[in-house]
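J.: Below is the file entry_26.cif, with mmCIF, C-alpha atoms.
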data_input
#
loop_
_atom_site.group_PDB
_atom_site.id
_atom_site.type_symbol
_atom_site.label_atom_id
_atom_site.label_comp_id
_atom_site.auth_asym_id
_atom_site.auth_seq_id
_atom_site.Cartn_x
_atom_site.Cartn_y
_atom_site.Cartn_z
ATOM 1 C CA MET F 852 -29.984 -40.584 -38.416
ATOM 2 C CA LYS F 853 -28.237 -39.476 -41.566
ATOM 3 C CA GLN F 854 -29.919 -36.125 -41.200
ATOM 4 C CA ILE F 855 -28.572 -35.715 -37.659
ATOM 5 C CA ILE F 856 -25.060 -36.608 -38.774
ATOM 6 C CA ARG F 857 -25.354 -34.081 -41.608
ATOM 7 C CA ILE F 858 -26.391 -31.313 -39.176
ATOM 8 C CA LEU F 859 -23.545 -32.120 -36.780
ATOM 9 C CA ALA F 860 -21.044 -32.230 -39.627
ATOM 10 C CA GLY F 861 -22.247 -28.838 -40.785
ATOM 11 C CA ARG F 862 -21.678 -27.309 -37.381
ATOM 12 C CA LEU F 863 -18.325 -28.982 -36.725
ATOM 13 C CA PRO F 864 -16.110 -26.147 -38.061
ATOM 14 C CA ARG F 865 -17.947 -23.615 -35.890
ATOM 15 C CA PHE F 866 -17.686 -25.920 -32.878
ATOM 16 C CA SER F 867 -13.980 -26.459 -33.512
ATOM 17 C CA GLY F 868 -13.486 -22.717 -33.692
ATOM 18 C CA PHE F 869 -15.209 -22.330 -30.349
ATOM 19 C CA LEU F 870 -12.940 -24.976 -28.848
ATOM 20 C CA ILE F 871 -9.806 -23.266 -30.177
ATOM 21 C CA LEU F 872 -10.973 -19.899 -28.887
ATOM 22 C CA SER F 873 -11.708 -21.361 -25.468
ATOM 23 C CA SER F 874 -8.285 -22.945 -25.275
ATOM 24 C CA ALA F 875 -6.639 -19.711 -26.381
ATOM 25 C CA THR F 876 -8.539 -17.828 -23.721
ATOM 26 C CA LEU F 877 -7.295 -20.197 -21.081
ATOM 27 C CA LEU F 878 -3.756 -20.046 -22.372
ATOM 28 C CA SER F 879 -3.803 -16.283 -22.414
ATOM 29 C CA GLN F 880 -5.211 -15.872 -18.911
ATOM 30 C CA PRO F 881 -3.759 -12.758 -17.357
ATOM 31 C CA SER F 882 -0.320 -13.385 -15.925
ATOM 32 C CA VAL F 883 -0.021 -9.679 -15.191
ATOM 33 C CA SER F 884 -1.429 -7.655 -12.316
ATOM 34 C CA ASN F 885 -1.179 -3.940 -11.657
ATOM 35 C CA GLN F 886 -1.116 -1.898 -8.494
ATOM 36 C CA VAL F 887 -1.105 1.886 -8.223
ATOM 37 C CA VAL F 888 1.352 3.085 -5.585
ATOM 38 C CA THR F 889 1.276 6.755 -4.678
ATOM 39 C CA LEU F 890 4.152 8.225 -2.716
ATOM 40 C CA GLU F 891 3.655 11.680 -1.279
ATOM 41 C CA VAL F 892 6.411 13.603 0.457
ATOM 42 C CA LEU F 893 5.084 16.474 2.540
ATOM 43 C CA GLU F 894 7.080 19.417 3.779
ATOM 44 C CA LEU F 895 8.757 18.777 7.092
ATOM 45 C CA ASN F 896 10.914 20.924 9.298
ATOM 46 C CA LYS F 897 12.637 19.272 12.211
ATOM 47 C CA ILE F 898 14.858 20.869 14.798
ATOM 48 C CA PHE F 899 16.507 19.284 17.800
ATOM 49 C CA LEU F 900 18.728 20.471 20.621
ATOM 50 C CA SER F 901 21.126 18.093 22.322
ATOM 51 C CA LYS F 902 20.290 19.596 25.696
ATOM 52 C CA ASP F 903 16.893 20.733 26.870
ATOM 53 C CA PHE F 904 18.377 22.220 30.022
ATOM 54 C CA LEU F 905 21.700 23.923 29.693
ATOM 55 C CA SER F 906 23.528 24.800 32.853
ATOM 56 C CA LEU F 907 26.056 27.550 32.345
ATOM 57 C CA ASP F 908 29.380 27.396 34.124
ATOM 58 C CA PRO F 909 31.515 30.317 35.246
ATOM 59 C CA VAL F 910 34.360 31.154 32.939
ATOM 60 C CA ALA F 911 37.681 32.636 33.843
ATOM 61 C CA VAL F 912 37.881 35.094 31.007
ATOM 62 C CA LEU F 913 35.765 38.146 31.694
ATOM 63 C CA GLU F 914 34.627 40.889 29.467
ATOM 64 C CA SER F 915 36.328 44.236 29.257
ATOM 65 C CA SER F 916 35.224 45.299 32.691
ATOM 66 C CA ALA F 917 36.706 43.316 35.541
ATOM 67 C CA GLU F 918 33.504 43.845 37.443
ATOM 68 C CA ARG F 919 31.508 41.714 35.069
ATOM 69 C CA SER F 920 30.902 38.073 35.726
ATOM 70 C CA ALA F 921 30.375 35.602 32.912
ATOM 71 C CA VAL F 922 29.197 32.048 32.482
ATOM 72 C CA SER F 923 29.109 29.870 29.388
ATOM 73 C CA GLY F 924 27.664 26.654 28.072
ATOM 74 C CA ARG F 925 27.249 24.885 24.755
ATOM 75 C CA ALA F 926 24.696 22.662 23.030
ATOM 76 C CA ARG F 927 24.363 21.058 19.621
ATOM 77 C CA LEU F 928 21.574 22.124 17.293
ATOM 78 C CA VAL F 929 20.545 19.860 14.414
ATOM 79 C CA TRP F 930 17.893 20.368 11.764
ATOM 80 C CA THR F 931 16.292 18.869 8.693
ATOM 81 C CA SER F 932 14.093 20.737 6.243
ATOM 82 C CA ASN F 933 12.844 19.662 2.838
ATOM 83 C CA GLY F 934 11.095 22.960 2.255
ATOM 84 C CA GLY F 935 12.511 25.817 0.263
ATOM 85 C CA ALA F 936 13.856 29.031 1.775
ATOM 86 C CA ARG F 937 13.485 28.325 5.472
ATOM 87 C CA LYS F 938 15.367 29.869 8.383
ATOM 88 C CA ILE F 939 15.798 29.347 12.107
ATOM 89 C CA SER F 940 15.118 32.296 14.321
ATOM 90 C CA ILE F 941 15.938 32.619 17.993
ATOM 91 C CA ALA F 942 14.485 34.566 20.876
ATOM 92 C CA SER F 943 14.828 34.694 24.643
ATOM 93 C CA LYS F 944 11.476 34.640 26.363
ATOM 94 C CA LEU F 945 12.936 35.600 29.726
ATOM 95 C CA ALA F 946 15.418 38.226 28.726
ATOM 96 C CA SER F 947 16.685 40.306 31.588
ATOM 97 C CA PRO F 948 18.027 43.829 31.283
ATOM 98 C CA SER F 949 20.630 42.986 33.867
ATOM 99 C CA CYS F 950 22.431 40.481 31.673
ATOM 100 C CA LEU F 951 23.390 39.957 28.093
ATOM 101 C CA VAL F 952 23.128 36.595 26.370
ATOM 102 C CA ARG F 953 25.628 36.237 23.579
ATOM 103 C CA VAL F 954 25.175 33.319 21.188
ATOM 104 C CA ASP F 955 28.018 32.088 19.011
ATOM 105 C CA LEU F 956 27.723 29.520 16.253
ATOM 106 C CA THR F 957 30.564 27.112 15.590
ATOM 107 C CA ALA F 958 31.106 23.896 13.662
ATOM 108 C CA VAL F 959 28.323 24.620 11.211
ATOM 109 C CA ARG F 960 27.583 21.649 8.951
ATOM 110 C CA GLY F 961 25.263 21.999 5.997
ATOM 111 C CA SER F 962 24.747 24.605 3.337
ATOM 112 C CA THR F 963 23.519 27.537 5.333
ATOM 113 C CA ALA F 964 24.191 31.176 5.812
ATOM 114 C CA ALA F 965 24.429 31.443 9.556
ATOM 115 C CA LYS F 966 25.208 34.451 11.658
ATOM 116 C CA ASN F 967 28.342 33.772 13.637
ATOM 117 C CA ARG F 968 27.252 35.799 16.625
ATOM 118 C CA LEU F 969 24.185 37.533 17.955
ATOM 119 C CA GLU F 970 23.070 38.987 21.245
ATOM 120 C CA LEU F 971 19.784 38.394 23.000
ATOM 121 C CA ASP F 972 19.249 41.466 25.067
ATOM 122 C CA ASP F 973 15.480 41.602 24.794
ATOM 123 C CA ALA F 974 12.575 39.385 23.841
ATOM 124 C CA SER F 975 12.741 40.185 20.163
ATOM 125 C CA THR F 976 13.136 37.389 17.637
ATOM 126 C CA GLN F 977 16.290 37.427 15.587
ATOM 127 C CA ASP F 978 17.252 35.539 12.478
ATOM 128 C CA PHE F 979 19.767 32.898 13.396
ATOM 129 C CA ILE F 980 20.427 30.470 10.552
ATOM 130 C CA HIS F 981 19.409 31.245 6.983
ATOM 131 C CA GLY F 982 19.263 29.080 3.932
ATOM 132 C CA LEU F 983 17.700 25.905 5.259
ATOM 133 C CA SER F 984 16.787 25.015 1.747
ATOM 134 C CA LYS F 985 16.158 21.293 1.405
ATOM 135 C CA SER F 986 18.966 20.237 3.662
ATOM 136 C CA ALA F 987 20.022 18.691 6.922
ATOM 137 C CA GLY F 988 22.680 20.252 9.067
ATOM 138 C CA SER F 989 23.997 20.952 12.506
ATOM 139 C CA CYS F 990 25.976 23.466 14.475
ATOM 140 C CA GLU F 991 27.253 24.046 17.948
ATOM 141 C CA VAL F 992 25.675 26.868 19.907
ATOM 142 C CA VAL F 993 27.817 28.527 22.533
ATOM 143 C CA PHE F 994 26.160 30.757 25.096
ATOM 144 C CA LEU F 995 27.963 33.405 27.015
ATOM 145 C CA VAL F 996 25.977 35.291 29.609
ATOM 146 C CA VAL F 997 27.481 38.502 30.859
ATOM 147 C CA THR F 998 26.039 40.592 33.623
ATOM 148 C CA ASN F 999 26.888 44.036 34.754
ATOM 149 C CA ASP F 1000 25.631 43.322 38.235
ATOM 150 C CA PRO F 1001 28.624 42.275 40.359
ATOM 151 C CA GLU F 1002 26.341 41.040 43.109
ATOM 152 C CA TRP F 1003 24.413 38.817 40.758
ATOM 153 C CA VAL F 1004 24.569 35.363 42.277
ATOM 154 C CA ARG F 1005 20.992 34.173 42.125
ATOM 155 C CA PRO F 1006 19.975 31.570 39.527
ATOM 156 C CA HIS F 1007 18.906 33.145 36.295
ATOM 157 C CA ILE F 1008 16.824 31.254 33.746
ATOM 158 C CA HIS F 1009 16.528 32.007 30.064
ATOM 159 C CA ALA F 1010 14.014 30.256 27.862
ATOM 160 C CA VAL F 1011 15.599 30.301 24.423
ATOM 161 C CA VAL F 1012 13.188 29.445 21.641
ATOM 162 C CA TYR F 1013 14.248 28.278 18.183
ATOM 163 C CA THR F 1014 11.705 28.492 15.407
ATOM 164 C CA VAL F 1015 11.774 27.393 11.776
ATOM 165 C CA THR F 1016 10.003 29.927 9.583
ATOM 166 C CA SER F 1017 9.952 30.980 5.985
ATOM 167 C CA SER F 1018 12.605 33.417 4.872
ATOM 168 C CA MET S 45 -27.199 -79.537 -16.031
ATOM 169 C CA LYS S 46 -28.534 -77.567 -18.970
ATOM 170 C CA LEU S 47 -32.006 -78.471 -17.959
ATOM 171 C CA ARG S 48 -31.445 -77.109 -14.488
ATOM 172 C CA LEU S 49 -30.125 -73.835 -15.867
ATOM 173 C CA LEU S 50 -33.120 -73.455 -18.170
ATOM 174 C CA ILE S 51 -35.497 -74.152 -15.317
ATOM 175 C CA SER S 52 -33.709 -71.604 -13.092
ATOM 176 C CA ALA S 53 -33.877 -68.966 -15.815
ATOM 177 C CA ALA S 54 -37.555 -69.600 -16.371
ATOM 178 C CA ILE S 55 -38.228 -69.280 -12.651
ATOM 179 C CA LEU S 56 -36.330 -66.004 -12.515
ATOM 180 C CA LEU S 57 -38.305 -64.599 -15.435
ATOM 181 C CA LEU S 58 -41.522 -65.651 -13.813
ATOM 182 C CA LEU S 59 -40.563 -64.105 -10.453
ATOM 183 C CA CYS S 60 -39.342 -60.847 -11.925
ATOM 184 C CA PRO S 61 -42.143 -59.172 -13.879
ATOM 185 C CA GLN S 62 -40.058 -56.014 -14.529
ATOM 186 C CA ALA S 63 -37.449 -58.056 -16.354
ATOM 187 C CA ARG S 64 -40.189 -59.425 -18.460
ATOM 188 C CA SER S 65 -41.640 -56.036 -19.329
ATOM 189 C CA GLN S 66 -38.348 -54.021 -19.978
ATOM 190 C CA ALA S 67 -36.709 -54.102 -23.330
ATOM 191 C CA ILE S 68 -33.612 -52.221 -24.616
ATOM 192 C CA TYR S 69 -34.467 -50.354 -27.769
ATOM 193 C CA ALA S 70 -31.275 -48.178 -28.166
ATOM 194 C CA THR S 71 -28.004 -47.196 -26.452
ATOM 195 C CA SER S 72 -25.759 -44.177 -26.701
ATOM 196 C CA SER S 73 -22.457 -43.110 -25.223
ATOM 197 C CA HIS S 74 -20.145 -40.163 -25.346
ATOM 198 C CA THR S 75 -16.529 -39.438 -24.419
ATOM 199 C CA VAL S 76 -15.830 -36.852 -21.783
ATOM 200 C CA THR S 77 -12.386 -35.304 -22.040
ATOM 201 C CA VAL S 78 -11.068 -33.044 -19.333
ATOM 202 C CA VAL S 79 -8.384 -30.697 -20.593
ATOM 203 C CA VAL S 80 -6.404 -28.669 -18.075
ATOM 204 C CA SER S 81 -4.777 -25.799 -19.842
ATOM 205 C CA THR S 82 -1.783 -23.872 -18.677
ATOM 206 C CA ILE S 83 -3.025 -21.523 -15.997
ATOM 207 C CA THR S 84 -0.893 -18.624 -14.873
ATOM 208 C CA LEU S 85 -2.617 -16.198 -12.586
ATOM 209 C CA VAL S 86 -1.208 -13.351 -10.540
ATOM 210 C CA GLN S 87 -3.186 -10.837 -8.550
ATOM 211 C CA VAL S 88 -2.688 -8.167 -5.889
ATOM 212 C CA SER S 89 -4.931 -8.031 -2.843
ATOM 213 C CA SER S 90 -5.547 -4.321 -3.366
ATOM 214 C CA GLY S 91 -5.088 -2.174 -6.421
ATOM 215 C CA VAL S 92 -4.101 0.923 -4.477
ATOM 216 C CA VAL S 93 -1.290 1.612 -2.020
ATOM 217 C CA GLY S 94 -0.493 4.971 -0.453
ATOM 218 C CA LEU S 95 2.711 6.058 1.255
ATOM 219 C CA THR S 96 3.278 9.441 2.845
ATOM 220 C CA ILE S 97 6.490 10.834 4.226
ATOM 221 C CA SER S 98 5.745 13.466 6.822
ATOM 222 C CA GLY S 99 7.344 14.860 9.938
ATOM 223 C CA ALA S 100 6.755 11.598 11.754
ATOM 224 C CA ASN S 101 9.230 9.862 9.445
ATOM 225 C CA ALA S 102 12.067 12.336 9.907
ATOM 226 C CA LEU S 103 14.797 12.896 12.436
ATOM 227 C CA ALA S 104 16.425 16.282 12.807
ATOM 228 C CA GLY S 105 19.927 16.216 11.390
ATOM 229 C CA GLN S 106 19.255 13.336 9.003
ATOM 230 C CA ASP S 107 18.878 13.937 5.313
ATOM 231 C CA LEU S 108 17.210 10.580 4.639
ATOM 232 C CA MET S 109 13.547 9.992 5.424
ATOM 233 C CA THR S 110 11.832 6.635 4.948
ATOM 234 C CA VAL S 111 8.395 5.097 5.207
ATOM 235 C CA SER S 112 7.221 1.547 4.520
ATOM 236 C CA ASN S 113 3.948 -0.204 3.770
ATOM 237 C CA GLU S 114 3.138 -3.909 4.152
ATOM 238 C CA ALA S 115 -0.632 -3.690 3.757
ATOM 239 C CA THR S 116 -1.011 -5.673 0.542
ATOM 240 C CA ASN S 117 -0.292 -9.189 -0.705
ATOM 241 C CA LEU S 118 0.597 -10.767 -3.997
ATOM 242 C CA LEU S 119 -1.336 -13.952 -4.842
ATOM 243 C CA TRP S 120 -0.661 -16.425 -7.614
ATOM 244 C CA GLY S 121 -1.852 -19.694 -9.122
ATOM 245 C CA ILE S 122 0.436 -21.551 -11.511
ATOM 246 C CA ASN S 123 0.103 -25.109 -12.820
ATOM 247 C CA SER S 124 2.987 -25.225 -15.246
ATOM 248 C CA GLY S 125 6.724 -25.434 -14.888
ATOM 249 C CA LEU S 126 9.149 -23.242 -13.006
ATOM 250 C CA LYS S 127 8.154 -19.584 -13.092
ATOM 251 C CA LYS S 128 9.216 -16.303 -11.570
ATOM 252 C CA VAL S 129 7.485 -13.010 -10.846
ATOM 253 C CA VAL S 130 9.088 -9.840 -12.114
ATOM 254 C CA VAL S 131 8.069 -6.300 -11.291
ATOM 255 C CA ASN S 132 8.415 -2.917 -12.906
ATOM 256 C CA SER S 133 7.112 0.615 -12.499
ATOM 257 C CA SER S 134 5.532 2.940 -15.015
ATOM 258 C CA VAL S 135 7.510 5.963 -13.804
ATOM 259 C CA ALA S 136 10.705 6.505 -15.748
ATOM 260 C CA THR S 137 12.095 9.349 -13.664
ATOM 261 C CA PRO S 138 10.625 9.274 -10.165
ATOM 262 C CA LEU S 139 11.308 12.096 -7.740
ATOM 263 C CA PHE S 140 11.940 9.680 -4.899
ATOM 264 C CA THR S 141 13.211 6.137 -4.460
ATOM 265 C CA LEU S 142 10.654 3.354 -4.128
ATOM 266 C CA LYS S 143 11.749 -0.162 -3.201
ATOM 267 C CA LEU S 144 9.815 -3.420 -3.044
ATOM 268 C CA ALA S 145 10.455 -6.762 -1.372
ATOM 269 C CA ALA S 146 8.402 -9.972 -1.247
ATOM 270 C CA LEU S 147 8.140 -11.051 2.369
ATOM 271 C CA SER S 148 7.317 -14.542 3.634
ATOM 272 C CA PRO S 149 6.417 -16.220 0.328
ATOM 273 C CA SER S 150 4.397 -19.402 0.885
ATOM 274 C CA GLN S 151 6.128 -20.899 -2.163
ATOM 275 C CA GLY S 152 9.284 -19.982 -4.010
ATOM 276 C CA THR S 153 12.155 -17.758 -3.034
ATOM 277 C CA ALA S 154 12.093 -14.021 -2.493
ATOM 278 C CA ALA S 155 14.630 -12.056 -4.494
ATOM 279 C CA PRO S 156 16.596 -9.276 -2.774
ATOM 280 C CA GLN S 157 14.825 -5.952 -2.329
ATOM 281 C CA VAL S 158 14.139 -4.299 -5.679
ATOM 282 C CA THR S 159 14.563 -0.617 -6.453
ATOM 283 C CA LEU S 160 11.609 -0.045 -8.753
ATOM 284 C CA SER S 161 12.208 1.254 -12.256
ATOM 285 C CA THR S 162 10.752 0.729 -15.697
ATOM 286 C CA THR S 163 13.040 -2.271 -16.135
ATOM 287 C CA ALA S 164 11.437 -5.544 -15.066
ATOM 288 C CA THR S 165 13.358 -6.996 -12.137
ATOM 289 C CA ASP S 166 13.019 -10.333 -10.344
ATOM 290 C CA LEU S 167 10.829 -10.222 -7.255
ATOM 291 C CA LEU S 168 10.006 -13.875 -6.633
ATOM 292 C CA LEU S 169 11.882 -16.932 -7.945
ATOM 293 C CA ASN S 170 11.336 -20.697 -8.155
ATOM 294 C CA VAL S 171 7.561 -20.567 -8.274
ATOM 295 C CA GLY S 172 5.988 -23.550 -9.969
ATOM 296 C CA ARG S 173 2.760 -25.568 -9.831
ATOM 297 C CA SER S 174 1.507 -23.844 -6.749
ATOM 298 C CA SER S 175 -0.917 -21.323 -5.448
ATOM 299 C CA GLY S 176 0.497 -19.019 -2.844
ATOM 300 C CA ASN S 177 0.993 -15.542 -1.596
ATOM 301 C CA CYS S 178 3.525 -13.173 -0.131
ATOM 302 C CA VAL S 179 3.488 -9.803 1.604
ATOM 303 C CA LEU S 180 4.438 -6.815 -0.533
ATOM 304 C CA GLN S 181 6.727 -4.532 1.428
ATOM 305 C CA TYR S 182 7.112 -1.111 -0.152
ATOM 306 C CA THR S 183 9.811 1.179 1.201
ATOM 307 C CA ALA S 184 10.019 4.790 0.096
ATOM 308 C CA GLU S 185 13.078 6.942 0.588
ATOM 309 C CA ALA S 186 13.337 10.688 0.223
ATOM 310 C CA LEU S 187 16.163 13.058 0.940
ATOM 311 C CA ALA S 188 15.523 16.481 2.408
ATOM 312 C CA SER S 189 17.474 17.841 -0.518
ATOM 313 C CA GLN S 190 14.875 16.340 -2.881
ATOM 314 C CA GLY S 191 12.167 18.565 -1.467
ATOM 315 C CA THR S 192 8.486 17.721 -1.589
ATOM 316 C CA GLY S 193 6.319 16.118 -4.258
ATOM 317 C CA THR S 194 4.306 13.130 -5.357
ATOM 318 C CA ASP S 195 5.129 10.051 -7.431
ATOM 319 C CA ALA S 196 2.247 7.950 -8.766
ATOM 320 C CA HIS S 197 3.569 4.569 -9.849
ATOM 321 C CA THR S 198 1.673 1.843 -11.621
ATOM 322 C CA ILE S 199 3.447 -1.293 -10.493
ATOM 323 C CA THR S 200 3.147 -4.270 -12.824
ATOM 324 C CA PHE S 201 3.687 -7.830 -11.632
ATOM 325 C CA THR S 202 4.334 -10.352 -14.410
ATOM 326 C CA VAL S 203 4.805 -14.103 -14.312
ATOM 327 C CA GLN S 204 7.565 -15.287 -16.598
ATOM 328 C CA ASN S 205 9.400 -18.506 -17.331
ATOM 329 C CA GLN S 206 12.444 -18.841 -15.173
#
Spit out the file's structure as structure tokens when you get a sec.

T.:
Amino acid sequence: MKQIIRILAGRLPRFSGFLILSSATLLSQPSVSNQVVTLEVLELNKIFLSKDFLSLDPVAVLESSAERSAVSGRARLVWTSNGGARKISIASKLASPSCLVRVDLTAVRGSTAAKNRLELDDASTQDFIHGLSKSAGSCEVVFLVVTNDPEWVRPHIHAVVYTVTSS
Amino acid sequence: MKLRLLISAAILLLLCPQARSQAIYATSSHTVTVVVSTITLVQVSSGVVGLTISGANALAGQDLMTVSNEATNLLWGINSGLKKVVVNSSVATPLFTLKLAALSPSQGTAAPQVTLSTTATDLLLNVGRSSGNCVLQYTAEALASQGTGTDAHTITFTVQNQ
């Protein structure tokens, strides 16, 4: 019996150390947790027109020739681009040689370099608004269609396409 | 009376042979002590969260684009006094804004939405002696003027005394 007590007494410091370590481990259980959150922002280019179908109304003021008839209409164009050096180009897919589509830009909001006026007299694509560099903006687009055909009364449809491209 | 007791005992010994044969040679005992230490555990349901801002998150004409994620939970187990959970990010100068809110905590009170930074900020308050969970709602904000890019945050949740 004495021998057993002697053995236990000899191991007591080691056993006590184990107990202390165990308690410390419990006390220092992780109260911290980590989570990796990755946020990726991709390039986006958004463009929106306030009117998909724009009906042009006759205007009283005619061009230089009294024989010309003219109609006008307006829509709002808004855009957002987080890419660098983007532009909006414009083209008429149904351009007619019998009429001229004049496009005026007004009330431009946003840091851009827009052309104030351009004419769509064929199907070619023209630069419209430059400098869409990481910005959101808007403008008002005013259409004026002038025809040199005094008998032109039939409905005439233009499909105007706006495209965001790189400068 | 004594005689009757002695006779009864003798009869019992005679009727119970096991009692006659068993003898106690030694006894031993030990003390069992159950110690419940302070336990403070916090864990996320997933170590990885991904948020992507793309064209689907943008409206033409608006500079601000947002996306949110509520796919993960925060879980905890605390057996001590009143605690709170604070949160911080590893990214000192992020390109974009990342916010976090604790939704529907089963215990405690959710703090207002936190804009994540390297400074530890309260996320969950009044948590004590409970095991519970809440939904982690991340909200990312990017301006068109900030362009494109990627932020990789390591978000750290820490339990502290309140």

J.: To one decimal place in Å, what is the distance between atom CA of S:Phe201 and atom CA of S:Met109?

T.: 26.6 Å

J.: What would the selection look like, as a PyMOL selection string, if the PyMOL selection byres ((chain F) within 7 of (chain S)) were run on the coordinates I just shared?

T.: chain F and resi 877-878+880-895+897-899+929-934+985-989

J.: For the residues in the current selection, export C-alpha atoms as an mmCIF file, keeping the file's coordinate frame.

T.:
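File written: out_22.cif
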data_model
loop_
_atom_site.group_PDB
_atom_site.id
_atom_site.type_symbol
_atom_site.label_atom_id
_atom_site.label_comp_id
_atom_site.auth_asym_id
_atom_site.auth_seq_id
_atom_site.Cartn_x
_atom_site.Cartn_y
_atom_site.Cartn_z
ATOM 1 C CA LEU F 877 -7.295 -20.197 -21.081
ATOM 2 C CA LEU F 878 -3.756 -20.046 -22.372
ATOM 3 C CA GLN F 880 -5.211 -15.872 -18.911
ATOM 4 C CA PRO F 881 -3.759 -12.758 -17.357
ATOM 5 C CA SER F 882 -0.320 -13.385 -15.925
ATOM 6 C CA VAL F 883 -0.021 -9.679 -15.191
ATOM 7 C CA SER F 884 -1.429 -7.655 -12.316
ATOM 8 C CA ASN F 885 -1.179 -3.940 -11.657
ATOM 9 C CA GLN F 886 -1.116 -1.898 -8.494
ATOM 10 C CA VAL F 887 -1.105 1.886 -8.223
ATOM 11 C CA VAL F 888 1.352 3.085 -5.585
ATOM 12 C CA THR F 889 1.276 6.755 -4.678
ATOM 13 C CA LEU F 890 4.152 8.225 -2.716
ATOM 14 C CA GLU F 891 3.655 11.680 -1.279
ATOM 15 C CA VAL F 892 6.411 13.603 0.457
ATOM 16 C CA LEU F 893 5.084 16.474 2.540
ATOM 17 C CA GLU F 894 7.080 19.417 3.779
ATOM 18 C CA LEU F 895 8.757 18.777 7.092
ATOM 19 C CA LYS F 897 12.637 19.272 12.211
ATOM 20 C CA ILE F 898 14.858 20.869 14.798
ATOM 21 C CA PHE F 899 16.507 19.284 17.800
ATOM 22 C CA VAL F 929 20.545 19.860 14.414
ATOM 23 C CA TRP F 930 17.893 20.368 11.764
ATOM 24 C CA THR F 931 16.292 18.869 8.693
ATOM 25 C CA SER F 932 14.093 20.737 6.243
ATOM 26 C CA ASN F 933 12.844 19.662 2.838
ATOM 27 C CA GLY F 934 11.095 22.960 2.255
ATOM 28 C CA LYS F 985 16.158 21.293 1.405
ATOM 29 C CA SER F 986 18.966 20.237 3.662
ATOM 30 C CA ALA F 987 20.022 18.691 6.922
ATOM 31 C CA GLY F 988 22.680 20.252 9.067
ATOM 32 C CA SER F 989 23.997 20.952 12.506
#

J.: Draw an axis-aligned box tight on the listed atoms of stretch 83-100 of chain S, then pad every side by 6 Å and write out centre and edge lengths in Å to one decimal as JSON.

T.:
{"center_x": 0.9, "center_y": -3.3, "center_z": -2.1, "size_x": 24.9, "size_y": 48.4, "size_z": 39.8}

J.: Written as a list in words, what is the full residue list that the PyMOL selection byres ((chain F and resi 925) around 8) yields on the file shown?

T.: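 Going through the file, the PyMOL selection byres ((chain F and resi 925) around 8) ends up selecting Leu905, Ser923, Gly924, Ala926, Arg927, Glu991, Val992, Val993 and Phe994 of chain F.
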
J.: Dump C-alpha atoms for the selected residues as a compact mmCIF listing (two decimals), keeping the file's coordinate frame?

T.:
# COMPACT_ATOMS: atom_id res chain seq x y z
CA LEU F 905 21.70 23.92 29.69
CA SER F 923 29.11 29.87 29.39
CA GLY F 924 27.66 26.65 28.07
CA ALA F 926 24.70 22.66 23.03
CA ARG F 927 24.36 21.06 19.62
CA GLU F 991 27.25 24.05 17.95
CA VAL F 992 25.68 26.87 19.91
CA VAL F 993 27.82 28.53 22.53
CA PHE F 994 26.16 30.76 25.10

J.: Could you please determine the separation between atom CA of F:Thr976 and atom CA of F:Leu907 in Å, to one decimal place?

T.: 21.9 Å

J.: Could you tell me which residues the PyMOL selection byres ((chain S and resi 155) around 9) grabs in this file, written as a PyMOL selection string?

T.: chain S and resi 145-146+153-154+156-158+166-169

J.: Can you measure atom CA of F:Ser975 to atom CA of F:Gly935 for me? One decimal in Å is fine.

T.: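 Between atom CA of F:Ser975 and atom CA of F:Gly935 the gap is 24.5 Å.
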